[in-house]
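A.B. asks: First the structure, which I've put down as structure tokens, then a few questions once you've had a look.
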Amino acid sequence: MAIELETERLRLRKFRESDWDPYAAMCADPQVMRYLGTGVTIGRDEAWRSLAVFLGHWQLKGYGMWALEAKQTGEFVGRAGFLHPPDWPGFELGWVLARPHWGRGYAIEAAREALRFAFEELDRDRVISLIRPANERSIRVAERLGSKLAGEVELRGSKALVYEALPPR
């Protein structure tokens with residue numbers, strides 16, 4: 001059911017069972033997780049449940065998170081895509097990369113393709129990204145996508161900035 005997308009260097013595809021180990025390792029890295037959720041790492045069992053949530057989101061909503069795979073090597077790079085569970089502030093585009101892949105432009109590459117998909121294929125008229133104020137890297141990605149700061153919300157006990165992207169005119 002999940003749609004596969006490609007960029008120059010990445011394949012955005014549905015999660016597979018073989019992603020569990022690299023995904024769990026990414027979720028166990030304190031530097032990666034410091035701005036996600038409650039800011040703490042999660043163990044292998046919770047990482048498994050997280051993968052199940054991403055796959056279930058596709059089933060329930062017809063969109064969701066993609067696993068990011070380096071086309072050249074097949075290596076797991078991270079995740080990017082959409083979340084919009086009940087009572088969420090809006091249709092959210094998010095991205096997370098495993099630390100060995102930071103600084104290579106993968107986040108902007110994946111997020112740009114996902115945003116194109118949201119506007120052109122899902123016909124969305126607004127996409128938000130919820131970003132912790134100290135997460136300067138993600139703020140830069142959002143700004144490079146053309147997103148503008150549109151406010152802030154309380155999210156899981158702390159403040160998150162709401163960056164808003166609108167379709168190109």
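Please note that chains go A, B, ... in the order of the structure tokens, that every chain numbers its residues from 1, and that ligands are numbered from 1 in the order shown.
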Might you pull out every residue within 9 Å of Ala110 of chain A, with only C-alpha atoms counted and same-chain residues fewer than 6 positions away left off, and present them as a VMD selection string?
C.D. replies: chain A and resid 6 to 7 10 to 12 68 79 to 81 95
A.B. asks: Name the residues in contact with Arg44 of chain A at a cut-off of 9 Å, using only C-alpha atoms, excluding same-chain residues fewer than 2 positions from it; report them as a PDB file with N, CA and C atoms, in the first residue's frame.
C.D. replies:
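Final output, selection.pdb:
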```
ATOM      1  N   TRP A  20      14.539  -3.023  11.186  1.00  0.00           N
ATOM      2  CA  TRP A  20      14.424  -2.945  12.629  1.00  0.00           C
ATOM      3  C   TRP A  20      15.765  -2.697  13.316  1.00  0.00           C
ATOM      4  N   ASP A  21      16.788  -3.454  12.983  1.00  0.00           N
ATOM      5  CA  ASP A  21      18.083  -3.266  13.656  1.00  0.00           C
ATOM      6  C   ASP A  21      18.655  -1.865  13.439  1.00  0.00           C
ATOM      7  N   TYR A  23      17.091   0.825  12.521  1.00  0.00           N
ATOM      8  CA  TYR A  23      16.159   1.806  13.089  1.00  0.00           C
ATOM      9  C   TYR A  23      16.292   1.835  14.616  1.00  0.00           C
ATOM     10  N   ALA A  24      16.369   0.656  15.234  1.00  0.00           N
ATOM     11  CA  ALA A  24      16.535   0.592  16.693  1.00  0.00           C
ATOM     12  C   ALA A  24      17.847   1.249  17.116  1.00  0.00           C
ATOM     13  N   ALA A  25      18.911   1.041  16.342  1.00  0.00           N
ATOM     14  CA  ALA A  25      20.196   1.683  16.660  1.00  0.00           C
ATOM     15  C   ALA A  25      20.070   3.199  16.573  1.00  0.00           C
ATOM     16  N   CYS A  27      17.342   4.927  17.064  1.00  0.00           N
ATOM     17  CA  CYS A  27      16.504   5.353  18.184  1.00  0.00           C
ATOM     18  C   CYS A  27      17.211   5.235  19.533  1.00  0.00           C
ATOM     19  N   ALA A  28      18.299   4.489  19.588  1.00  0.00           N
ATOM     20  CA  ALA A  28      19.087   4.344  20.817  1.00  0.00           C
ATOM     21  C   ALA A  28      20.179   5.400  20.930  1.00  0.00           C
ATOM     22  N   ILE A  42      14.808   5.325  22.845  1.00  0.00           N
ATOM     23  CA  ILE A  42      13.854   4.240  23.043  1.00  0.00           C
ATOM     24  C   ILE A  42      14.554   2.921  22.755  1.00  0.00           C
ATOM     25  N   GLU A  46      10.309  -0.751  21.820  1.00  0.00           N
ATOM     26  CA  GLU A  46       9.583   0.466  21.449  1.00  0.00           C
ATOM     27  C   GLU A  46       9.876   0.846  19.997  1.00  0.00           C
ATOM     28  N   ALA A  47      11.077   0.607  19.530  1.00  0.00           N
ATOM     29  CA  ALA A  47      11.397   0.862  18.119  1.00  0.00           C
ATOM     30  C   ALA A  47      10.538  -0.033  17.221  1.00  0.00           C
ATOM     31  N   TRP A  48      10.346  -1.288  17.624  1.00  0.00           N
ATOM     32  CA  TRP A  48       9.488  -2.194  16.864  1.00  0.00           C
ATOM     33  C   TRP A  48       8.056  -1.649  16.807  1.00  0.00           C
ATOM     34  N   ARG A  49       7.550  -1.200  17.944  1.00  0.00           N
ATOM     35  CA  ARG A  49       6.199  -0.635  17.983  1.00  0.00           C
ATOM     36  C   ARG A  49       6.110   0.614  17.115  1.00  0.00           C
TER      37      ARG A  49
END
```
A.B. asks: Using only C-alpha atoms for the distances, tell me which of A:Pro133, A:Gly78, A:Gly157, A:Gly146 is nearest to Met65 of chain A.
C.D. replies: A:Gly78
A.B. asks: Name the residues of segment 6-54 of chain A that come out as strand (DSSP E) in a backbone DSSP run; write them as a PyMOL selection string.
C.D. replies: chain A and resi 6+10-13
A.B. asks: Would you save the residues of that selection, restricted to C-alpha atoms, as an mmCIF file, in the first residue's frame?
C.D. replies:
```cif
data_model
loop_
_atom_site.group_PDB
_atom_site.id
_atom_site.type_symbol
_atom_site.label_atom_id
_atom_site.label_comp_id
_atom_site.auth_asym_id
_atom_site.auth_seq_id
_atom_site.Cartn_x
_atom_site.Cartn_y
_atom_site.Cartn_z
ATOM 1 C CA GLU A 6 12.947 8.303 -5.366
ATOM 2 C CA LEU A 10 17.499 8.165 -1.906
ATOM 3 C CA ARG A 11 14.693 5.669 -2.109
ATOM 4 C CA LEU A 12 11.711 6.516 0.088
ATOM 5 C CA ARG A 13 10.028 3.161 0.693
#
```
A.B. asks: Interatomic distance between atom CA of Pro100 of chain A and atom CA of Phe76 of chain A?
C.D. replies: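 Calculated distance between atom CA of Pro100 of chain A and atom CA of Phe76 of chain A is 10.4 Å.
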A.B. asks: Which one is closest to Arg169 of chain A: A:Phe119, A:Lys14, A:Gly56, A:Leu5? Count only C-alpha atoms.
C.D. replies: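 Using only C-alpha atoms, Arg169 of chain A sits closest to A:Phe119.
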A.B. asks: Determine the nearest neighbour of Ser18 of chain A from the options A:Ala118, A:Gly62, A:Lys159, A:Gly74, counting only C-alpha atoms.
C.D. replies: A:Gly74
A.B. asks: Can you work out which one of A:Ala165, A:Leu36, A:Val153, A:Ile3 has the shortest atom-to-atom distance to Ile128 of chain A, counting only C-alpha atoms?
C.D. replies: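 With only C-alpha atoms as the atom set, the closest residue is A:Ala165.
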A.B. asks: For Leu161 of chain A, which of A:Phe117, A:Trp66, A:Tyr35, A:Phe15 is the closest residue, counting only C-alpha atoms?
C.D. replies: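 Residue with the minimum atom-to-atom distance to Leu161 of chain A: A:Tyr35.
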A.B. asks: Write out as a list of chain:residue names each polymer residue whose atoms come within 8 Å of Ala98 of chain A, counting only C-alpha atoms; drop sequence neighbours fewer than 3 positions from it.
C.D. replies: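 So the residues in contact are A:Met26, A:Val32, A:Val77, A:Gly78, A:His101, A:Trp102.
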A.B. asks: Please, what distance in Å, to one decimal, runs between atom CA of Pro167 of chain A and atom CA of Glu113 of chain A?
C.D. replies: 13.0 Å
A.B. asks: Tell me which protein, DNA and RNA residues are within 12 Å of Glu154 of chain A, counting only C-alpha atoms, leaving out same-chain ones fewer than 3 positions away, and put them as number ranges by chain.
C.D. replies: A: 37-38, 88-89, 130-133, 151, 157-162
A.B. asks: Using atom CA of Lys148 of chain A and atom CA of Leu115 of chain A as the two end points, give the distance in Å to one decimal.
C.D. replies: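 Interatomic distance here is 14.0 Å.
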A.B. asks: Write out as a ChimeraX atom specification the set of residues from segment 19-73 of chain A that DSSP, computed on the backbone, places in alpha helix (DSSP H).
C.D. replies: /A:20-27,30-33,44-61
A.B. asks: Export C-alpha atoms of the chosen residues as a PDB file, in the first residue's frame?
C.D. replies:
```
ATOM      1  CA  TRP A  20      14.424  -2.945  12.629  1.00  0.00           C
ATOM      2  CA  ASP A  21      18.083  -3.266  13.656  1.00  0.00           C
ATOM      3  CA  PRO A  22      19.322  -0.030  12.036  1.00  0.00           C
ATOM      4  CA  TYR A  23      16.159   1.806  13.089  1.00  0.00           C
ATOM      5  CA  ALA A  24      16.535   0.592  16.693  1.00  0.00           C
ATOM      6  CA  ALA A  25      20.196   1.683  16.660  1.00  0.00           C
ATOM      7  CA  MET A  26      19.149   5.144  15.438  1.00  0.00           C
ATOM      8  CA  CYS A  27      16.504   5.353  18.184  1.00  0.00           C
ATOM      9  CA  PRO A  30      20.900  10.119  22.421  1.00  0.00           C
ATOM     10  CA  GLN A  31      22.071  12.721  19.887  1.00  0.00           C
ATOM     11  CA  VAL A  32      19.447  11.622  17.368  1.00  0.00           C
ATOM     12  CA  MET A  33      16.611  11.409  19.893  1.00  0.00           C
ATOM     13  CA  ARG A  44      14.337  -2.161  20.679  1.00  0.00           C
ATOM     14  CA  ASP A  45      10.793  -3.109  21.702  1.00  0.00           C
ATOM     15  CA  GLU A  46       9.583   0.466  21.449  1.00  0.00           C
ATOM     16  CA  ALA A  47      11.397   0.862  18.119  1.00  0.00           C
ATOM     17  CA  TRP A  48       9.488  -2.194  16.864  1.00  0.00           C
ATOM     18  CA  ARG A  49       6.199  -0.635  17.983  1.00  0.00           C
ATOM     19  CA  SER A  50       7.199   2.597  16.271  1.00  0.00           C
ATOM     20  CA  LEU A  51       7.714   0.739  12.987  1.00  0.00           C
ATOM     21  CA  ALA A  52       4.297  -0.878  13.410  1.00  0.00           C
ATOM     22  CA  VAL A  53       2.729   2.559  13.960  1.00  0.00           C
ATOM     23  CA  PHE A  54       4.322   3.860  10.749  1.00  0.00           C
ATOM     24  CA  LEU A  55       3.002   0.897   8.761  1.00  0.00           C
ATOM     25  CA  GLY A  56      -0.409   1.188  10.398  1.00  0.00           C
ATOM     26  CA  HIS A  57      -0.544   4.887   9.541  1.00  0.00           C
ATOM     27  CA  TRP A  58      -0.255   3.944   5.861  1.00  0.00           C
ATOM     28  CA  GLN A  59      -3.108   1.444   6.267  1.00  0.00           C
ATOM     29  CA  LEU A  60      -5.396   3.863   8.078  1.00  0.00           C
ATOM     30  CA  LYS A  61      -4.598   7.119   6.304  1.00  0.00           C
TER      31      LYS A  61
END
```
